[in-house]
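Structure file protein_12.cif (mmCIF, C-alpha atoms) is printed below.
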```cif
data_target
#
loop_
_atom_site.label_atom_id
_atom_site.label_comp_id
_atom_site.auth_asym_id
_atom_site.auth_seq_id
_atom_site.Cartn_x
_atom_site.Cartn_y
_atom_site.Cartn_z
CA MET O 1 59.73 142.92 197.44
CA PRO O 2 60.38 139.45 198.92
CA VAL O 3 58.20 138.38 201.82
CA LYS O 4 60.37 138.16 204.90
CA GLY O 5 61.14 134.57 205.81
CA LYS O 6 60.04 132.90 202.60
CA ARG O 7 62.73 131.44 200.36
CA ILE O 8 63.14 129.15 197.36
CA ALA O 9 65.62 126.27 197.39
CA VAL O 10 67.28 125.57 194.03
CA VAL O 11 68.70 122.03 193.76
CA LEU O 12 71.59 121.51 191.32
CA LYS O 13 73.80 118.56 190.44
CA GLY O 14 76.94 120.68 190.79
CA TYR O 15 77.63 124.33 191.51
CA PRO O 16 79.29 126.38 190.23
CA ARG O 17 80.07 124.87 186.81
CA LEU O 18 81.72 126.60 183.88
CA SER O 19 79.67 124.51 181.44
CA GLU O 20 76.35 125.68 182.92
CA THR O 21 76.35 129.39 182.20
CA PHE O 22 72.63 129.16 181.45
CA ILE O 23 71.92 128.19 185.07
CA ALA O 24 74.11 130.91 186.54
CA GLN O 25 72.54 133.48 184.23
CA GLU O 26 69.05 132.42 185.31
CA LEU O 27 69.89 132.47 189.03
CA LEU O 28 71.30 135.96 188.73
CA ALA O 29 68.28 137.19 186.77
CA LEU O 30 65.83 135.70 189.29
CA GLU O 31 67.67 137.43 192.12
CA ARG O 32 67.39 140.70 190.21
CA CYS O 33 63.65 140.07 190.13
CA GLY O 34 63.73 140.07 193.93
CA LEU O 35 63.37 136.31 194.45
CA PRO O 36 65.15 135.04 197.58
CA LEU O 37 67.11 131.92 196.62
CA GLU O 38 69.39 129.41 198.26
CA ILE O 39 71.39 126.79 196.39
CA TRP O 40 71.69 123.11 197.32
CA SER O 41 74.21 121.18 195.27
CA LEU O 42 74.71 117.41 195.04
CA ARG O 43 78.39 117.91 194.22
CA ARG O 44 81.14 120.36 195.05
CA PRO O 45 82.75 122.33 192.23
CA THR O 46 85.55 120.76 190.22
CA ASP O 47 86.36 123.65 187.84
CA ARG O 48 89.29 125.81 188.86
CA ALA O 49 87.87 128.98 187.32
CA ARG O 50 84.50 130.65 187.82
CA HIS O 51 82.45 132.97 185.67
CA PRO O 52 82.00 136.57 186.86
CA MET O 53 78.27 135.77 187.16
CA HIS O 54 79.02 133.35 190.00
CA ALA O 55 80.55 136.14 192.05
CA ALA O 56 77.47 138.29 191.45
CA ILE O 57 75.00 135.66 192.69
CA ARG O 58 74.10 136.35 196.32
CA ALA O 59 72.35 133.07 197.13
CA PRO O 60 74.22 130.97 199.70
CA ALA O 61 75.35 127.55 198.49
CA ALA O 62 75.16 124.39 200.61
CA TYR O 63 76.52 120.99 199.60
CA LEU O 64 74.89 117.63 200.19
CA PRO O 65 77.18 114.64 200.75
CA GLU O 66 78.11 113.39 197.28
CA TYR O 67 78.83 109.96 198.77
CA LEU O 68 76.95 108.96 201.90
CA HIS O 69 79.92 107.30 203.59
CA GLU O 70 81.74 110.64 203.53
CA ALA O 71 79.20 112.22 205.93
CA PRO O 72 77.66 109.38 207.98
CA LEU O 73 76.55 111.65 210.82
CA ARG O 74 74.63 113.97 208.47
CA VAL O 75 72.92 110.98 206.89
CA LEU O 76 72.04 109.44 210.27
CA ARG O 77 70.64 112.75 211.48
CA GLY O 78 68.58 112.96 208.31
CA LEU O 79 67.26 109.44 208.89
CA ALA O 80 66.45 110.17 212.53
CA ALA O 81 64.55 113.31 211.57
CA ALA O 82 62.66 111.40 208.86
CA LEU O 83 61.44 108.86 211.43
CA THR O 84 59.42 111.63 213.08
CA ARG O 85 57.70 112.77 209.87
CA PRO O 86 54.21 111.48 208.97
CA ARG O 87 55.05 111.32 205.24
CA LEU O 88 57.88 108.79 205.74
CA PRO O 89 55.71 105.75 204.80
CA ALA O 90 54.70 107.45 201.54
CA LEU O 91 58.35 108.23 200.76
CA LEU O 92 59.45 104.67 201.49
CA ALA O 93 56.70 103.29 199.27
CA LEU O 94 57.76 105.58 196.41
CA PHE O 95 61.42 104.75 196.92
CA ALA O 96 60.70 101.02 196.95
CA ARG O 97 58.96 101.29 193.58
CA ASP O 98 61.87 103.29 192.16
CA LEU O 99 64.48 100.92 193.58
CA TRP O 100 62.70 97.86 192.18
CA ARG O 101 62.96 99.36 188.69
CA ASP O 102 66.40 100.92 189.24
CA PRO O 103 68.33 98.72 191.71
CA THR O 104 71.51 100.81 191.79
CA ALA O 105 73.78 102.38 194.38
CA SER O 106 72.96 105.74 192.83
CA ARG O 107 69.30 105.32 193.74
CA LEU O 108 70.23 104.64 197.38
CA ARG O 109 72.51 107.68 197.36
CA ARG O 110 69.67 109.90 196.17
CA LEU O 111 67.50 108.77 199.07
CA GLY O 112 70.29 109.53 201.54
CA GLN O 113 70.85 112.95 200.03
CA ALA O 114 67.13 113.65 200.17
CA LEU O 115 67.01 112.76 203.87
CA VAL O 116 69.83 115.21 204.53
CA LEU O 117 68.16 117.89 202.44
CA ALA O 118 64.80 117.38 204.16
CA ARG O 119 66.37 117.80 207.58
CA GLU O 120 68.61 120.75 206.73
CA LEU O 121 66.23 122.85 204.64
CA PRO O 122 65.29 125.91 206.69
CA ALA O 123 61.64 126.23 207.63
CA GLU O 124 61.55 129.44 205.58
CA VAL O 125 61.97 127.47 202.33
CA ALA O 126 58.51 127.49 200.79
CA HIS O 127 59.29 125.79 197.49
CA ILE O 128 61.94 123.59 195.83
CA HIS O 129 63.04 124.11 192.23
CA VAL O 130 65.45 121.70 190.57
CA HIS O 131 67.56 121.84 187.42
CA PHE O 132 67.64 118.54 185.49
CA LEU O 133 65.06 115.76 185.69
CA HIS O 134 67.45 112.89 186.37
CA THR O 135 69.32 112.51 189.67
CA PRO O 136 68.81 116.05 191.04
CA ALA O 137 65.05 115.72 190.54
CA SER O 138 65.04 112.42 192.43
CA VAL O 139 66.57 114.17 195.45
CA ALA O 140 64.19 117.12 195.18
CA ARG O 141 61.16 114.88 194.71
CA TYR O 142 61.94 112.68 197.73
CA ALA O 143 62.69 115.68 199.98
CA ALA O 144 59.56 117.52 198.85
CA LEU O 145 57.36 114.51 199.56
CA LEU O 146 58.85 114.02 203.01
CA THR O 147 58.53 117.69 203.99
CA ARG O 148 55.15 118.39 202.36
CA ARG O 149 56.61 120.95 199.97
CA ARG O 150 55.82 121.44 196.30
CA TRP O 151 58.59 121.20 193.73
CA SER O 152 59.16 122.26 190.13
CA PHE O 153 61.81 121.61 187.51
CA SER O 154 63.83 122.98 184.64
CA ALA O 155 64.63 120.17 182.18
CA HIS O 156 67.47 120.58 179.72
CA ALA O 157 68.99 117.85 177.54
CA LYS O 158 70.76 114.79 178.95
CA ASP O 159 68.13 114.43 181.64
CA ILE O 160 65.35 114.33 179.04
CA TRP O 161 66.97 111.82 176.70
CA THR O 162 68.71 109.41 179.09
CA THR O 163 66.15 109.11 181.90
CA PRO O 164 63.78 106.12 181.51
CA ALA O 165 60.29 106.95 180.30
CA TRP O 166 58.64 105.54 183.43
CA GLU O 167 60.73 107.82 185.65
CA LEU O 168 60.17 110.93 183.56
CA THR O 169 56.44 110.30 183.44
CA GLU O 170 56.09 109.94 187.20
CA LYS O 171 58.26 112.97 187.95
CA LEU O 172 56.32 115.09 185.48
CA ARG O 173 53.06 114.12 187.14
CA ASP O 174 54.37 114.74 190.67
CA ALA O 175 55.90 118.15 189.98
CA ALA O 176 53.82 121.29 190.43
CA TRP O 177 55.08 122.61 187.07
CA GLY O 178 58.10 122.61 184.86
CA VAL O 179 59.91 124.26 181.97
CA THR O 180 62.32 123.09 179.32
CA CYS O 181 64.57 124.99 176.94
CA THR O 182 63.90 123.53 173.47
CA ARG O 183 60.91 122.45 171.41
CA ASP O 184 62.79 119.21 170.81
CA GLY O 185 62.83 118.44 174.54
CA LEU O 186 59.30 119.74 175.04
CA ALA O 187 57.95 117.29 172.46
CA ARG O 188 59.55 114.40 174.34
CA LEU O 189 58.11 115.48 177.70
CA GLU O 190 54.68 116.26 176.24
CA SER O 191 54.52 112.77 174.75
CA LEU O 192 54.87 111.33 178.26
CA ALA O 193 52.74 113.72 180.33
CA PRO O 194 50.86 116.32 178.29
CA GLY O 195 50.40 119.79 179.73
CA ARG O 196 52.96 119.54 182.51
CA THR O 197 55.82 121.48 180.89
CA ARG O 198 56.20 124.88 179.24
CA LEU O 199 58.82 126.12 176.79
CA ALA O 200 61.29 128.68 178.13
CA TYR O 201 64.36 129.35 175.99
CA HIS O 202 67.34 130.42 178.08
CA GLY O 203 68.13 133.35 175.83
CA LEU O 204 71.03 135.63 176.61
CA ASP O 205 71.46 138.68 178.81
CA LEU O 206 73.16 140.91 176.26
CA ALA O 207 74.05 143.47 178.93
CA ARG O 208 76.81 141.09 180.03
CA PHE O 209 78.43 140.98 176.60
CA PRO O 210 80.42 143.53 174.62
CA ALA O 211 79.11 144.81 171.31
CA PRO O 212 80.37 142.82 168.32
CA PRO O 213 83.87 143.69 167.15
CA PRO O 214 84.45 145.67 163.94
CA PRO O 215 84.02 143.62 160.76
CA ARG O 216 86.57 140.84 160.76
CA GLU O 217 89.43 140.71 158.29
CA PRO O 218 88.40 138.86 155.11
CA ARG O 219 90.71 135.90 155.69
CA ASP O 220 90.15 133.07 153.23
CA GLY O 221 92.89 130.64 154.21
CA THR O 222 95.08 131.25 151.16
CA ASP O 223 97.76 133.17 153.08
CA PRO O 224 99.84 130.99 155.46
CA ASN O 225 100.60 134.13 157.46
CA ALA O 226 96.88 134.87 157.94
CA PRO O 227 95.22 131.48 158.52
CA LEU O 228 91.48 131.12 158.98
CA ARG O 229 90.74 131.17 162.72
CA LEU O 230 88.25 128.58 163.90
CA VAL O 231 86.90 128.17 167.41
CA CYS O 232 84.85 125.39 169.00
CA VAL O 233 83.50 125.70 172.55
CA GLY O 234 82.06 122.70 174.37
CA ARG O 235 82.87 120.02 176.88
CA LEU O 236 85.06 117.28 175.46
CA VAL O 237 82.33 114.66 175.48
CA ALA O 238 80.88 112.50 172.72
CA LYS O 239 77.74 114.53 172.02
CA LYS O 240 79.74 117.62 171.02
CA GLY O 241 81.12 115.86 167.92
CA HIS O 242 84.76 116.88 168.24
CA ASP O 243 85.81 113.64 166.54
CA ASP O 244 83.78 114.60 163.46
CA LEU O 245 85.35 118.06 163.48
CA ILE O 246 88.86 116.61 163.56
CA ASP O 247 88.04 114.24 160.70
CA ALA O 248 86.56 117.12 158.69
CA LEU O 249 89.63 119.27 159.23
CA ALA O 250 91.87 116.42 158.10
CA ALA O 251 89.90 116.27 154.85
CA LEU O 252 90.38 119.95 153.95
CA PRO O 253 92.57 120.83 150.96
CA PRO O 254 96.30 120.96 151.87
CA GLY O 255 96.53 124.54 150.58
CA LEU O 256 93.88 125.84 152.97
CA HIS O 257 95.57 127.42 155.99
CA TRP O 258 93.63 127.36 159.27
CA ARG O 259 94.00 127.19 163.05
CA LEU O 260 91.51 125.78 165.56
CA GLU O 261 91.06 126.61 169.23
CA LEU O 262 89.19 123.96 171.25
CA ILE O 263 87.77 125.43 174.47
CA GLY O 264 86.44 123.05 177.09
CA GLY O 265 87.55 120.25 179.35
CA GLY O 266 86.29 116.71 179.58
CA GLU O 267 86.85 113.01 179.59
CA LEU O 268 87.71 112.68 175.89
CA ARG O 269 90.69 115.04 175.81
CA GLY O 270 93.26 112.25 175.65
CA ALA O 271 91.42 110.43 172.86
CA LEU O 272 90.96 113.64 170.89
CA GLU O 273 94.62 114.58 171.25
CA ALA O 274 95.57 111.14 169.94
CA ARG O 275 93.19 111.54 166.99
CA ILE O 276 94.75 114.90 166.17
CA ARG O 277 98.26 113.42 166.25
CA GLU O 278 97.19 110.54 163.99
CA ARG O 279 95.94 113.04 161.42
CA CYS O 280 99.07 115.22 161.69
CA LEU O 281 97.10 118.26 162.88
CA SER O 282 98.90 118.94 166.17
CA GLU O 283 100.47 122.19 164.96
CA ARG O 284 97.10 123.56 163.91
CA VAL O 285 94.92 122.68 166.92
CA THR O 286 95.23 124.23 170.37
CA PHE O 287 93.45 122.86 173.45
CA ARG O 288 92.58 125.78 175.73
CA GLY O 289 90.80 123.79 178.44
CA ALA O 290 87.79 125.10 180.36
CA LEU O 291 87.73 128.89 180.47
CA ALA O 292 85.70 131.55 182.23
CA GLN O 293 83.24 133.39 180.03
CA PRO O 294 85.32 136.56 179.42
CA ALA O 295 88.12 134.43 177.94
CA VAL O 296 85.60 132.51 175.81
CA ILE O 297 84.16 135.74 174.41
CA ALA O 298 87.66 137.07 173.71
CA ALA O 299 88.40 133.95 171.68
CA MET O 300 85.16 134.37 169.76
CA ARG O 301 85.95 137.99 168.97
CA ALA O 302 89.30 136.95 167.51
CA ALA O 303 87.87 134.08 165.44
CA ASP O 304 86.53 133.96 161.88
CA LEU O 305 84.14 131.01 162.28
CA PHE O 306 82.47 129.12 165.14
CA VAL O 307 82.01 125.37 164.66
CA LEU O 308 79.93 123.01 166.80
CA PRO O 309 79.05 119.62 165.22
CA THR O 310 76.85 118.12 167.94
CA LYS O 311 75.36 114.64 167.48
CA PRO O 312 73.74 111.82 169.49
CA ALA O 313 76.14 110.16 171.92
CA PRO O 314 76.21 106.45 172.73
CA GLY O 315 73.57 105.87 175.38
CA GLY O 316 71.23 108.54 174.02
CA ASP O 317 72.77 111.70 175.47
CA ARG O 318 72.30 114.79 173.33
CA ASP O 319 72.46 118.55 173.52
CA GLY O 320 69.57 120.94 173.94
CA LEU O 321 70.19 124.38 172.45
CA PRO O 322 73.84 125.08 173.31
CA ASN O 323 74.23 128.51 174.88
CA VAL O 324 77.59 128.90 173.13
CA LEU O 325 75.73 129.30 169.83
CA MET O 326 74.02 132.39 171.22
CA GLU O 327 77.29 133.63 172.69
CA ALA O 328 78.89 133.34 169.25
CA ALA O 329 75.94 135.20 167.75
CA SER O 330 76.37 137.98 170.32
CA GLN O 331 79.72 138.69 168.66
CA ALA O 332 78.34 138.39 165.11
CA LEU O 333 80.57 135.35 164.65
CA PRO O 334 79.35 133.14 161.79
CA ILE O 335 78.27 129.66 162.85
CA LEU O 336 78.68 126.23 161.28
CA ALA O 337 76.79 123.56 163.21
CA THR O 338 74.67 120.45 162.79
CA ALA O 339 70.93 120.31 162.20
CA PHE O 340 70.40 118.41 165.43
CA ALA O 341 68.52 118.74 168.73
CA GLY O 342 67.65 122.37 169.52
CA THR O 343 70.16 124.03 167.17
CA PRO O 344 67.70 124.50 164.25
CA GLU O 345 65.36 126.31 166.63
CA PHE O 346 67.90 129.14 166.73
CA ILE O 347 69.67 128.83 163.38
CA THR O 348 67.90 128.65 160.05
CA ASP O 349 70.24 127.03 157.54
CA GLY O 350 71.58 129.56 155.07
CA THR O 351 70.12 132.52 156.97
CA HIS O 352 71.60 132.64 160.48
CA GLY O 353 74.35 130.09 159.89
CA ILE O 354 75.11 126.90 158.03
CA LEU O 355 73.78 123.53 159.21
CA VAL O 356 74.90 120.08 158.09
CA ALA O 357 73.69 116.62 159.00
CA ALA O 358 74.91 115.30 162.35
CA GLY O 359 77.68 112.72 162.19
CA ASP O 360 78.77 113.61 158.64
CA PRO O 361 82.44 114.77 158.60
CA ALA O 362 82.49 114.95 154.79
CA ALA O 363 79.60 117.43 154.72
CA LEU O 364 81.25 119.39 157.51
CA ALA O 365 84.53 119.56 155.56
CA ALA O 366 82.73 120.76 152.43
CA GLU O 367 81.03 123.61 154.29
CA LEU O 368 84.25 124.54 156.08
CA ALA O 369 85.95 124.91 152.72
CA ARG O 370 83.04 126.91 151.29
CA LEU O 371 82.87 129.29 154.23
CA ALA O 372 86.64 129.72 154.26
CA ALA O 373 86.56 130.88 150.64
CA ASP O 374 83.66 133.31 151.13
CA PRO O 375 84.34 136.00 153.79
CA ALA O 376 81.32 137.98 152.55
CA LEU O 377 79.01 135.06 153.27
CA ARG O 378 80.50 134.73 156.73
CA LEU O 379 79.90 138.42 157.37
CA ARG O 380 76.27 138.16 156.30
CA LEU O 381 75.60 135.04 158.40
CA GLY O 382 77.21 136.51 161.50
CA ALA O 383 75.17 139.71 161.24
CA ALA O 384 71.93 137.74 160.75
CA ALA O 385 72.66 135.53 163.76
CA ARG O 386 73.14 138.63 165.88
CA VAL O 387 69.77 140.03 164.73
CA ARG O 388 68.10 136.68 165.43
CA LEU O 389 69.52 136.68 168.96
CA VAL O 390 68.48 140.24 169.77
CA GLU O 391 64.97 139.98 168.33
CA ASP O 392 63.93 136.47 169.37
CA PHE O 393 66.19 135.10 172.13
CA SER O 394 66.42 137.70 174.85
CA GLU O 395 66.57 136.37 178.38
CA ALA O 396 63.62 138.43 179.60
CA ALA O 397 60.72 136.24 178.42
CA ALA O 398 61.99 133.03 180.04
CA VAL O 399 62.93 134.75 183.29
CA ALA O 400 59.54 136.42 183.52
CA LEU O 401 57.75 133.08 183.05
CA ILE O 402 59.88 131.26 185.62
CA ALA O 403 59.85 134.12 188.12
CA GLU O 404 56.05 134.35 188.00
CA ALA O 405 55.67 130.60 188.54
CA LEU O 406 58.16 130.59 191.42
CA ARG O 407 56.45 133.53 193.10
CA ALA O 408 53.10 131.77 192.96
CA SER O 409 54.51 128.47 194.23
CA ALA O 410 56.40 130.05 197.11
CA GLY O 411 53.65 132.48 198.09
CA LEU O 412 55.75 135.51 197.26
CA PRO O 413 54.11 138.82 196.23
CA PRO O 414 53.38 139.59 192.57
CA PRO O 415 55.73 141.96 190.72
CA ALA O 416 53.39 144.89 191.30
CA LEU O 417 54.35 144.79 194.97
CA ALA O 418 58.09 144.64 194.30
CA THR O 419 60.23 147.73 194.79
CA GLU O 420 61.12 149.93 191.82
CA PRO O 421 64.81 148.89 191.89
CA GLU O 422 63.80 145.22 191.79
CA LEU O 423 61.44 145.77 188.88
CA ALA O 424 64.11 147.64 186.95
CA ALA O 425 66.67 144.92 187.59
CA CYS O 426 64.25 142.20 186.55
CA ALA O 427 63.44 144.00 183.31
CA SER O 428 67.07 144.66 182.39
#
```

Can you dump the structure from the file as structure tokens?
Amino acid sequence: MPVKGKRIAVVLKGYPRLSETFIAQELLALERCGLPLEIWSLRRPTDRARHPMHAAIRAPAAYLPEYLHEAPLRVLRGLAAALTRPRLPALLALFARDLWRDPTASRLRRLGQALVLARELPAEVAHIHVHFLHTPASVARYAALLTRRRWSFSAHAKDIWTTPAWELTEKLRDAAWGVTCTRDGLARLESLAPGRTRLAYHGLDLARFPAPPPPREPRDGTDPNAPLRLVCVGRLVAKKGHDDLIDALAALPPGLHWRLELIGGGELRGALEARIRERCLSERVTFRGALAQPAVIAAMRAADLFVLPTKPAPGGDRDGLPNVLMEAASQALPILATAFAGTPEFITDGTHGILVAAGDPAALAAELARLAADPALRLRLGAAARVRLVEDFSEAAAVALIAEALRASAGLPPPALATEPELAACAS
């Protein structure tokens, strides 16, 4: 049972976001464990839809000024409050070192947001936890230093691979503890600051998902009236590899009949639509935009094959272990993906799915054609992926690890002192 008055502040870059189901799932699970949370977001939501999980989360959400000039009074109040705090010289010294190495407007904005956060955090907040080690962690770190609080982190993907090594190293050493969601990311963080980070796969709360549909029809793409149904779910950004998928589809035999649904929104939609037109695929590809999770699962249940050809993006951005792979597995949907980042940690090539080299449209096309012609193979791979998910990637282990660490950091009681309903909810 939560100690009255003690709370945990969770700092996010944006909330709620359709593309961050793993964060919403974790917040909801931590609340079911009896942890009292409040959310502080650097940005307001931009997605029109929300997942049902967002409605179930009880934590109140507050929004920091995304741009300081939009809330000058809040920033000035934060600065005035900071002038009375004994840790201000230490914060200014840290900020000066950071600004010397990163002389950007973004760095100044993070300081302003941290001043606002430090002033507006209720006294009951005993600990700060932040998702992503790049800009959100800068805000959390500055505010924690100023207010004499401890802070911890969950690192994911872009933040690990695009943040400079000097900044990652110093944040890792300053944080009380941290977790990350792939062995790929863990190896990077361990190389910079050994022993500061633990592995915690997001997993999936299968109670939120329907059982897999009955065995899918054995479509093989030979009947124009029963084309192979492909689905790809991911933001329309470079690291998802949609351009490779389009090129692979254009290379398929003319007699192979297929349809693709692209689910997700993002900055590359216009360029991808142009690429599809250039390859005369417009009648076969449908852009669905960003969808709430029930609509995503419905599309997966209707599909024959899930495809996600992730790869490194210019600038170093890359995926972790995409949650959509586990969502596809929850519906026993066979998976074709790339052997990149955290994906091989979930999928063993030839057992739980098919993996090809990242950035290789020709290899992707060859496997698309092979899987199209072999419905029995697809059935076997989909069933194995479902078993892999259930046996090795449940949500419970990661939530238990994070909940225990948060309880200790915030001075909340151990699970033995929680109420029976809370324990049951946390275990579910």

- Could you give me, as a list in words, the residues within 10 Å of Ala292 (chain O), counting all atoms listed in the file and dropping anything in the same chain fewer than 3 positions from it?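 Surrounding residues, per the criterion: Arg17, Leu18, Ser19, Thr21, Asp47, Arg48, Ala49, Arg50, His51, Pro52, Met53, Gly264, Ala295, Val296 and Ile297 of chain O.
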
So that I can check the surroundings of region 355-360 of chain O, please list as a tab-separated table (two decimals) with C-alpha atoms, keeping the file's coordinate frame every protein, DNA and RNA residue that reaches within 12 Å of it, counting only C-alpha atoms and ignoring chain neighbours fewer than 6 positions away.
```tsv
chain	number	residue	atom	x	y	z
O	238	ALA	CA	80.88	112.50	172.72
O	239	LYS	CA	77.74	114.53	172.02
O	240	LYS	CA	79.74	117.62	171.02
O	241	GLY	CA	81.12	115.86	167.92
O	242	HIS	CA	84.76	116.88	168.24
O	243	ASP	CA	85.81	113.64	166.54
O	244	ASP	CA	83.78	114.60	163.46
O	245	LEU	CA	85.35	118.06	163.48
O	246	ILE	CA	88.86	116.61	163.56
O	247	ASP	CA	88.04	114.24	160.70
O	248	ALA	CA	86.56	117.12	158.69
O	306	PHE	CA	82.47	129.12	165.14
O	307	VAL	CA	82.01	125.37	164.66
O	308	LEU	CA	79.93	123.01	166.80
O	309	PRO	CA	79.05	119.62	165.22
O	310	THR	CA	76.85	118.12	167.94
O	311	LYS	CA	75.36	114.64	167.48
O	312	PRO	CA	73.74	111.82	169.49
O	313	ALA	CA	76.14	110.16	171.92
O	318	ARG	CA	72.30	114.79	173.33
O	319	ASP	CA	72.46	118.55	173.52
O	334	PRO	CA	79.35	133.14	161.79
O	335	ILE	CA	78.27	129.66	162.85
O	336	LEU	CA	78.68	126.23	161.28
O	337	ALA	CA	76.79	123.56	163.21
O	338	THR	CA	74.67	120.45	162.79
O	339	ALA	CA	70.93	120.31	162.20
O	340	PHE	CA	70.40	118.41	165.43
O	341	ALA	CA	68.52	118.74	168.73
O	343	THR	CA	70.16	124.03	167.17
O	344	PRO	CA	67.70	124.50	164.25
O	345	GLU	CA	65.36	126.31	166.63
O	346	PHE	CA	67.90	129.14	166.73
O	347	ILE	CA	69.67	128.83	163.38
O	348	THR	CA	67.90	128.65	160.05
O	349	ASP	CA	70.24	127.03	157.54
O	366	ALA	CA	82.73	120.76	152.43
O	367	GLU	CA	81.03	123.61	154.29
O	368	LEU	CA	84.25	124.54	156.08
O	371	LEU	CA	82.87	129.29	154.23
O	381	LEU	CA	75.60	135.04	158.40
```

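Closest approach to Leu121 (chain O) among O:Arg97, O:Arg173, O:Arg32, O:Arg7: O:Arg7, based on all atoms listed in the file.
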
- Message: Here is a test: counting all atoms listed in the file, which residue of O:Val125, O:Leu230, O:Ala118, O:Leu379 is nearest to Leu35 (chain O)?
- Response: O:Val125

- Query: If you measure from CA of Thr351 (chain O) to CA of Leu389 (chain O), what distance in Å do you get, rounded to one decimal?
  - Reply: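 Going from CA of Thr351 (chain O) over to CA of Leu389 (chain O) covers 12.7 Å.
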
- Could you list the residues chosen by the PyMOL selection byres ((chain O and resi 190-198) around 8) in this structure as an MDAnalysis selection string? chainID O and resid 165 168:169 172:173 177:180 186:189 199:200

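As for CA of Arg43 (chain O) and CA of Pro86 (chain O), they are spaced 29.0 Å apart.
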
- So how far away is CA of Ala62 (chain O) from CA of Arg148 (chain O), in Å?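 Spanning CA of Arg148 (chain O) to CA of Ala62 (chain O) is a straight-line distance of 21.0 Å.
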
- Task: Have a look at O:Leu249, O:Leu111, O:Asp392, O:Ala61 and name the one nearest to Arg275 (chain O); count all atoms listed in the file.
- Result: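 When distances to Arg275 (chain O) are compared using all atoms listed in the file, the smallest one comes from O:Leu249.
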